[in-house]
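Notes to accompany the following structure.
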Amino acid sequence: MLIPLEYQKDQYICMEGEAVNYVYFILEGQAAFVLPRYDNTIYILICEGDHFGLLDLIQSEETNRKSKEVWDMKR
């Protein structure tokens, strides 16, 4: 079931550490992943027609392993 939600400019959709249980579809406007510690610097921009949320967290075991390897290399 799709439920329409409207967010105002500069309103957080999800905060770090919160459980993400939905897939969000951007029908109008933009959203972004931001770094609150650095004055909300944008590091991923999500535009009209894009989606994000629960699907971004579902990964295969191989993808998780590769992500960990990349993370370890960047430390």
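Here, A, B, ... name the chains of the structure tokens in the order displayed, residue numbers run from 1 inside each chain, and ligands are numbered from 1 in the same displayed order.
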
> Got a sec: who's within 8 Å of Ala31 (chain A), counting only C-alpha atoms, leaving out chain neighbours fewer than 5 positions off, as a ChimeraX atom specification?
Replying inline: /A:26,45-47

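Using only C-alpha atoms, the nearest neighbour of Tyr12 (chain A) within the list A:Phe33, A:Leu27, A:Leu54, A:Tyr38 is A:Phe33.
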
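The two atoms in question, CA of Ala32 (chain A) and CA of Met1 (chain A), are spaced 24.2 Å apart.
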
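Nearest to Asp39 (chain A) of all the residues A:Gly17, A:Leu2, A:Val23, A:Asp10 is A:Asp10, based on only C-alpha atoms.
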
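Interatomic distance, CA of Gln30 (chain A) against CA of Phe52 (chain A): 11.7 Å.
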
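The list of residues with at least one atom within 7 Å of Phe25 (chain A), based on only C-alpha atoms and without residues fewer than 4 positions apart in the same chain, reads Gly49, Asp50, His51 and Phe52 of chain A.
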
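The residue that comes closest to Ile3 (chain A), out of A:Glu16, A:Gly53, A:Tyr22, A:Val34 and on the basis of only C-alpha atoms, is A:Tyr22.
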
>> Report, in Å with one decimal, the straight-line distance from CA of Tyr24 (chain A) to CA of Arg37 (chain A).
In response: 23.9 Å
